[in-house]
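The file final-v3.cif comes next; it holds mmCIF, C-alpha atoms and all ligand atoms.
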data_my_file
loop_
_atom_site.label_atom_id
_atom_site.label_comp_id
_atom_site.auth_asym_id
_atom_site.auth_seq_id
_atom_site.Cartn_x
_atom_site.Cartn_y
_atom_site.Cartn_z
CA MET O 1 153.39 107.47 97.99
CA GLN O 2 152.61 106.66 94.33
CA GLY O 3 155.57 104.81 92.85
CA LYS O 4 157.05 103.93 96.27
CA THR O 5 157.62 100.37 97.46
CA VAL O 6 156.90 99.65 101.13
CA LEU O 7 157.64 96.45 103.04
CA ILE O 8 155.85 95.80 106.34
CA THR O 9 156.58 92.86 108.64
CA GLY O 10 153.68 91.39 110.62
CA ALA O 11 151.44 93.23 108.17
CA ASP O 12 148.35 91.17 109.01
CA GLY O 13 148.38 91.85 112.79
CA GLY O 14 146.53 94.65 114.58
CA ILE O 15 148.88 97.59 114.01
CA GLY O 16 150.44 96.06 110.85
CA ARG O 17 147.15 95.66 109.00
CA ASN O 18 146.14 99.26 109.77
CA THR O 19 149.58 100.54 108.75
CA THR O 20 149.25 98.59 105.50
CA LYS O 21 145.77 99.97 104.90
CA GLY O 22 146.80 103.57 105.67
CA ILE O 23 149.79 103.45 103.32
CA ALA O 24 147.83 101.56 100.64
CA GLN O 25 145.31 104.41 100.67
CA LYS O 26 148.14 106.74 99.67
CA GLY O 27 148.89 104.64 96.58
CA ALA O 28 152.15 102.84 97.44
CA ARG O 29 153.04 99.33 96.33
CA ILE O 30 153.05 97.20 99.49
CA ILE O 31 154.67 93.90 100.33
CA MET O 32 153.11 92.30 103.39
CA ALA O 33 155.76 90.09 105.00
CA CYS O 34 153.78 87.56 107.03
CA ILE O 35 154.48 84.32 108.84
CA ASP O 36 151.17 82.68 107.91
CA VAL O 37 150.26 83.37 104.29
CA ASP O 38 146.85 81.68 104.59
CA LEU O 39 145.88 83.85 107.56
CA ALA O 40 147.15 86.98 105.79
CA LYS O 41 145.17 86.35 102.56
CA PRO O 42 141.75 87.54 103.85
CA VAL O 43 143.48 90.63 105.30
CA LEU O 44 145.02 91.37 101.89
CA ASP O 45 141.61 90.92 100.18
CA GLU O 46 139.95 93.25 102.70
CA ILE O 47 142.63 95.96 102.26
CA ILE O 48 142.40 95.79 98.46
CA LYS O 49 138.61 96.09 98.70
CA GLU O 50 138.76 99.00 101.13
CA THR O 51 141.52 100.99 99.40
CA ASN O 52 141.12 99.96 95.76
CA ASN O 53 144.92 99.60 95.65
CA LYS O 54 145.66 96.28 93.94
CA ASP O 55 149.41 96.67 94.11
CA ILE O 56 149.75 94.69 97.35
CA GLU O 57 151.16 91.21 97.80
CA ILE O 58 152.02 88.80 100.58
CA MET O 59 155.45 87.24 100.94
CA HIS O 60 156.25 84.58 103.51
CA LEU O 61 158.63 85.67 106.29
CA ASP O 62 159.39 83.90 109.55
CA LEU O 63 161.52 86.20 111.68
CA SER O 64 162.30 83.37 114.08
CA SER O 65 164.40 81.63 111.40
CA GLN O 66 167.61 83.18 110.10
CA SER O 67 167.64 80.86 107.08
CA ASN O 68 164.09 81.94 106.25
CA ILE O 69 165.05 85.62 106.59
CA HIS O 70 167.92 85.05 104.11
CA LYS O 71 165.53 83.27 101.73
CA PHE O 72 162.99 86.07 102.04
CA ALA O 73 165.61 88.78 101.35
CA GLU O 74 166.91 86.86 98.30
CA ASN O 75 163.36 86.49 96.93
CA PHE O 76 162.63 90.14 97.57
CA ILE O 77 165.81 91.39 95.89
CA SER O 78 165.29 89.12 92.88
CA LYS O 79 161.78 90.52 92.45
CA TYR O 80 162.15 94.21 93.34
CA SER O 81 164.92 96.62 92.44
CA SER O 82 163.95 99.26 95.00
CA LEU O 83 162.64 99.57 98.54
CA ASP O 84 161.59 103.00 99.79
CA VAL O 85 160.23 102.12 103.22
CA LEU O 86 160.95 99.14 105.48
CA ILE O 87 158.66 98.93 108.53
CA ASN O 88 159.95 96.46 111.11
CA ASN O 89 156.60 96.00 112.81
CA ALA O 90 156.17 92.30 113.73
CA GLY O 91 156.39 91.47 117.39
CA VAL O 92 155.57 88.84 120.00
CA PHE O 93 155.14 88.69 123.77
CA SER O 94 155.41 85.35 125.53
CA LEU O 95 154.91 84.36 129.15
CA LYS O 96 157.00 81.21 128.57
CA ARG O 97 160.59 81.05 127.38
CA PHE O 98 161.11 79.40 123.99
CA GLU O 99 164.12 79.28 121.69
CA THR O 100 164.27 79.84 117.94
CA GLU O 101 165.84 77.26 115.62
CA ASP O 102 169.03 79.37 115.84
CA GLY O 103 169.10 78.98 119.63
CA LEU O 104 168.02 82.54 120.46
CA GLU O 105 165.40 83.38 123.08
CA ARG O 106 162.29 83.67 120.91
CA THR O 107 160.96 87.14 121.87
CA ILE O 108 164.22 88.99 121.34
CA GLY O 109 164.98 86.59 118.46
CA ILE O 110 161.89 87.72 116.51
CA ASN O 111 161.38 91.30 117.70
CA TYR O 112 164.99 92.40 117.52
CA PHE O 113 167.52 89.94 116.02
CA GLY O 114 165.17 88.96 113.18
CA HIS O 115 164.67 92.59 112.22
CA PHE O 116 168.38 93.36 112.69
CA LEU O 117 169.26 90.66 110.16
CA LEU O 118 166.45 91.54 107.75
CA THR O 119 167.47 95.22 107.75
CA HIS O 120 171.10 94.35 107.03
CA LEU O 121 170.18 92.08 104.14
CA LEU O 122 167.93 94.75 102.63
CA LEU O 123 170.27 97.71 103.23
CA PRO O 124 171.88 97.54 99.75
CA VAL O 125 168.48 97.84 98.05
CA LEU O 126 167.35 100.56 100.51
CA GLU O 127 170.54 102.56 99.94
CA LYS O 128 170.14 102.58 96.19
CA SER O 129 166.48 103.66 96.42
CA GLY O 130 167.05 107.36 97.02
CA GLU O 131 165.68 108.70 100.28
CA ALA O 132 164.66 105.39 101.82
CA ARG O 133 163.26 105.09 105.33
CA ILE O 134 163.61 102.36 107.94
CA ILE O 135 161.05 102.36 110.75
CA ASN O 136 161.41 100.18 113.85
CA VAL O 137 158.29 99.64 115.94
CA SER O 138 159.43 99.71 119.55
CA SER O 139 157.43 100.42 122.71
CA ASP O 140 157.60 102.79 125.67
CA SER O 141 157.87 99.65 127.81
CA TYR O 142 161.61 99.90 127.01
CA LYS O 143 161.76 102.13 130.11
CA GLN O 144 161.08 99.09 132.27
CA SER O 145 163.97 97.12 130.79
CA LYS O 146 166.72 95.95 133.11
CA PHE O 147 168.93 95.61 130.07
CA ASP O 148 171.84 93.26 130.59
CA LEU O 149 174.15 92.43 127.68
CA ASN O 150 175.27 89.35 129.64
CA ASN O 151 171.70 88.08 129.86
CA LEU O 152 170.33 89.13 126.46
CA GLN O 153 168.81 85.66 125.98
CA THR O 154 167.06 85.94 129.37
CA GLU O 155 168.51 82.59 130.39
CA ILE O 156 168.55 83.81 133.98
CA LYS O 157 165.14 84.45 135.57
CA TYR O 158 162.98 84.64 132.44
CA THR O 159 159.83 86.72 132.54
CA GLY O 160 157.80 87.74 129.50
CA MET O 161 158.17 91.39 130.41
CA LYS O 162 161.97 91.12 130.81
CA ALA O 163 162.38 89.57 127.35
CA TYR O 164 159.89 91.90 125.68
CA THR O 165 161.26 95.15 127.16
CA ALA O 166 164.84 94.11 126.31
CA SER O 167 163.79 93.46 122.70
CA LYS O 168 162.16 96.89 122.47
CA LEU O 169 165.12 98.72 124.02
CA ALA O 170 167.44 96.82 121.66
CA LEU O 171 165.40 98.19 118.71
CA ILE O 172 165.96 101.74 120.01
CA LEU O 173 169.70 101.23 120.47
CA PHE O 174 169.85 99.64 117.00
CA THR O 175 168.03 102.65 115.51
CA GLN O 176 170.49 105.07 117.08
CA GLU O 177 173.57 103.13 115.99
CA LEU O 178 172.29 102.53 112.45
CA ALA O 179 171.41 106.25 112.11
CA GLU O 180 174.98 107.08 113.11
CA GLN O 181 176.37 104.66 110.53
CA LEU O 182 174.06 105.98 107.79
CA LYS O 183 174.59 109.66 108.55
CA ASP O 184 176.37 110.36 105.24
CA LYS O 185 173.78 108.43 103.23
CA ASN O 186 170.24 109.18 102.09
CA THR O 187 168.66 106.39 104.14
CA THR O 188 167.06 107.37 107.46
CA VAL O 189 166.05 105.19 110.40
CA ASN O 190 163.63 106.06 113.19
CA THR O 191 161.78 104.21 115.90
CA LEU O 192 158.43 104.67 117.62
CA HIS O 193 155.98 103.82 120.35
CA PRO O 194 152.56 103.17 118.75
CA GLY O 195 150.61 103.76 121.99
CA HIS O 196 148.91 101.06 124.05
CA VAL O 197 146.83 99.38 121.43
CA SER O 198 144.05 96.82 121.52
CA THR O 199 145.56 93.95 119.45
CA GLY O 200 146.25 90.22 119.51
CA ILE O 201 149.62 90.71 121.22
CA TRP O 202 147.82 90.83 124.57
CA ASN O 203 146.31 87.35 124.12
CA MET O 204 149.30 85.97 125.97
CA TRP O 205 147.77 82.88 127.55
CA GLU O 206 147.76 79.74 125.42
CA HIS O 207 144.64 78.27 127.05
CA PRO O 208 143.22 81.27 128.92
CA LYS O 209 141.14 80.74 132.06
CA TRP O 210 137.95 82.84 132.31
CA TYR O 211 139.60 85.50 134.47
CA GLN O 212 142.54 85.77 132.05
CA THR O 213 140.11 86.38 129.18
CA LEU O 214 138.47 89.01 131.40
CA ILE O 215 141.84 90.68 132.13
CA VAL O 216 142.54 90.98 128.37
CA LYS O 217 139.01 92.35 127.77
CA ILE O 218 139.41 94.94 130.55
CA LEU O 219 142.90 95.95 129.35
CA ASN O 220 141.58 96.41 125.82
CA THR O 221 138.89 98.84 126.97
CA PHE O 222 141.66 101.21 128.12
CA PHE O 223 143.71 100.83 124.95
CA ILE O 224 143.51 102.79 121.71
CA SER O 225 142.22 101.24 118.47
CA PRO O 226 144.68 99.54 116.06
CA GLU O 227 143.79 102.23 113.53
CA LYS O 228 145.00 104.95 115.91
CA GLY O 229 147.98 102.76 116.87
CA ALA O 230 149.12 102.74 113.22
CA GLU O 231 149.19 106.54 112.90
CA THR O 232 152.81 107.17 113.91
CA SER O 233 154.10 104.37 111.64
CA ILE O 234 152.15 105.82 108.71
CA TYR O 235 153.41 109.32 109.54
CA LEU O 236 157.05 108.20 109.63
CA ALA O 237 156.61 106.28 106.37
CA CYS O 238 154.85 108.98 104.40
CA SER O 239 155.16 112.48 105.82
CA ASN O 240 157.42 115.14 104.36
CA ASP O 241 157.80 116.55 107.89
CA VAL O 242 160.30 113.81 108.71
CA LYS O 243 162.27 113.96 105.47
CA GLY O 244 165.95 113.69 106.46
CA THR O 245 165.15 113.01 110.14
CA SER O 246 167.09 110.06 111.51
CA GLY O 247 167.92 108.32 114.79
CA LYS O 248 164.84 109.62 116.62
CA TYR O 249 162.23 107.94 118.82
CA PHE O 250 158.64 109.07 118.12
CA SER O 251 155.41 108.88 120.04
CA LYS O 252 152.11 110.40 118.86
CA LYS O 253 153.94 111.63 115.73
CA LYS O 254 156.37 113.72 117.77
CA PRO O 255 160.05 113.07 118.53
CA VAL O 256 160.57 112.20 122.20
CA ARG O 257 163.87 112.06 124.09
CA VAL O 258 165.05 108.57 124.99
CA SER O 259 165.78 108.51 128.70
CA SER O 260 169.54 109.04 129.19
CA LYS O 261 169.57 106.02 131.52
CA TYR O 262 169.02 103.82 128.45
CA ASN O 263 170.76 106.02 125.94
CA ASN O 264 174.28 104.79 126.25
CA ILE O 265 176.64 104.83 123.25
CA GLN O 266 178.89 102.16 124.72
CA THR O 267 175.92 99.75 125.15
CA GLN O 268 174.69 100.69 121.67
CA LYS O 269 178.03 99.76 120.10
CA GLU O 270 178.46 96.55 122.13
CA LEU O 271 174.94 95.44 121.23
CA TRP O 272 175.72 96.07 117.56
CA THR O 273 178.76 93.78 117.66
CA ILE O 274 176.93 91.04 119.60
CA SER O 275 174.00 91.26 117.17
CA LYS O 276 176.25 90.91 114.13
CA TYR O 277 177.83 87.86 115.73
CA LEU O 278 174.52 86.23 116.72
CA THR O 279 173.00 86.83 113.29
CA LYS O 280 176.18 85.44 111.71
CA LEU O 281 176.93 88.66 109.84
CA ILE O 282 180.51 88.45 111.20
N1 LIG O 301 149.69 96.51 121.00
C1 LIG O 301 150.37 97.36 121.77
O1 LIG O 301 149.86 97.91 122.78
C2 LIG O 301 151.79 97.67 121.45
C3 LIG O 301 152.47 98.62 122.26
C4 LIG O 301 153.78 98.93 121.96
C5 LIG O 301 154.41 98.32 120.88
N2 LIG O 301 153.73 97.39 120.12
C6 LIG O 301 154.44 96.75 119.00
O2 LIG O 301 153.67 96.89 117.82
C7 LIG O 301 154.04 95.85 116.90
C8 LIG O 301 152.79 95.22 116.29
O3 LIG O 301 152.14 94.50 117.32
P1 LIG O 301 150.54 94.37 117.45
O4 LIG O 301 150.16 95.02 118.70
O5 LIG O 301 149.87 94.76 116.19
O6 LIG O 301 150.43 92.80 117.70
P2 LIG O 301 149.78 91.61 116.81
O7 LIG O 301 148.41 91.97 116.42
O8 LIG O 301 149.99 90.38 117.61
O9 LIG O 301 150.70 91.61 115.51
C9 LIG O 301 151.99 91.08 115.51
C10 LIG O 301 152.32 90.60 114.11
O10 LIG O 301 153.63 89.99 114.12
C11 LIG O 301 153.53 88.74 113.43
N3 LIG O 301 154.56 87.78 113.81
C12 LIG O 301 154.65 87.07 114.96
N4 LIG O 301 155.71 86.23 114.91
C13 LIG O 301 156.29 86.40 113.69
C14 LIG O 301 157.39 85.81 113.04
N5 LIG O 301 158.12 84.84 113.61
N6 LIG O 301 157.72 86.21 111.79
C15 LIG O 301 156.97 87.17 111.17
N7 LIG O 301 155.92 87.76 111.74
C16 LIG O 301 155.56 87.39 112.99
C17 LIG O 301 152.15 88.25 113.79
O11 LIG O 301 151.74 87.19 112.94
P3 LIG O 301 150.70 86.06 113.53
O12 LIG O 301 149.58 86.84 114.14
O13 LIG O 301 150.34 85.25 112.34
O14 LIG O 301 151.48 85.31 114.57
C18 LIG O 301 151.34 89.51 113.61
O15 LIG O 301 151.07 89.74 112.25
C19 LIG O 301 154.90 94.87 117.70
O16 LIG O 301 156.27 95.10 117.41
C20 LIG O 301 154.62 95.26 119.16
O17 LIG O 301 155.70 94.94 120.02
C21 LIG O 301 152.44 97.06 120.39
#
Show me the file's structure as structure tokens.
Ligand SMILES: NC(=O)c1ccc[n+]([C@@H]2O[C@H](COP(=O)([O-])OP(=O)(O)OC[C@H]3O[C@@H](n4cnc5c(N)ncnc54)[C@H](OP(=O)(O)O)[C@@H]3O)[C@@H](O)[C@H]2O)c1
Amino acid sequence: MQGKTVLITGADGGIGRNTTKGIAQKGARIIMACIDVDLAKPVLDEIIKETNNKDIEIMHLDLSSQSNIHKFAENFISKYSSLDVLINNAGVFSLKRFETEDGLERTIGINYFGHFLLTHLLLPVLEKSGEARIINVSSDSYKQSKFDLNNLQTEIKYTGMKAYTASKLALILFTQELAEQLKDKNTTVNTLHPGHVSTGIWNMWEHPKWYQTLIVKILNTFFISPEKGAETSIYLACSNDVKGTSGKYFSKKKPVRVSSKYNNIQTQKELWTISKYLTKLI
């Protein structure tokens, strides 16, 4: 990865920080795109210390704000002339329904629409960077999605799971459609399930009661470590095995078939158009 530039969103979270560390160990230049620069700074210092790779920096990115995503992309493009790997890793899960400043339901707004917009704004720099790779961190929870294009904002009967699983299925449909559109280019796009990983995403209660803290503790004992959870992202970013592979969904570093129930080209195309409209790209 020497000489490659890698951008990772949510790079200071559980899976993100271990993905950053794993790729830093291979010598790439890394841009950690983080919402809270002060919180990310000690993570950056730790990764530099552990990997001896000093070519890592933090840039502020708030995926819940389309104006901030535009500002981030402009700053990035003015600073860097190439981008070899974009890892759309940041993600949230929320028991309560909130809206972003652009009026989108917050979970799908950050996990999917934010990354949809970011990817589009960075596509020109990715496309001119040779064999660039886009990696979307999804989840096998997509299988539980009752995906409804008429209720993408989960305005009707919000549950945290409904919003989260829709956002993760949307990332898979986005991957497939983008792969189709990039098929004559050098840029590839794949998606993945990292495993069930012990990270901060499961701290879903704002002011947890004792039994909620216990639930999270018990859940975490069954989950894999963030280091293990980063393995498929690192593999897709760095391995020669996946050179030229595009439009696939990976788990444990292997391509896995997306269930045909959710693998619908019509839905894929409709979601693409809606997403362009909601991110004001059309
Ligand atoms: N953990 C699992 O079992 C699991 C399973 C399947 C898929 N995933 C996926 O893996 C990815 C990484 O999650 P994780 O488990 O490592 O969770 P995490 O530790 O909570 O990390 C999530 C990261 O996203 C960042 N983030 C949140 N809102 C953001 C925003 N508006 N703009 C930019 N960044 C933002 C967080 O920053 P702050 O911490 O500063 O808010 C944090 O760095 C997510 O996409 C998640 O859906 C996780």
For this session: Please measure the separation of atom C12 of ligand LIG 301 (chain O) and atom CA of Thr188 of chain O, giving the value in Å to one decimal.
Result: 24.9 Å
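Using only C-alpha atoms for every distance, the candidate list O:Asp84, O:Glu57, O:Glu46, O:Asp62 yields O:Asp84 as the residue closest to Gly3 of chain O.
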Problem set entry | Env. residues ligand LIG 301 (chain O) / 8 Å / all atoms listed in the file / as a count of residues only | 48
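Pairwise distance (atom CA of Glu131 of chain O, atom CA of Lys26 of chain O) equals 17.7 Å.
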Exercise. With distances taken over all atoms listed in the file, which of O:Glu177, O:Asp55, O:Glu227, O:Glu99 is nearest to Ile31 of chain O?
Worked result: O:Asp55
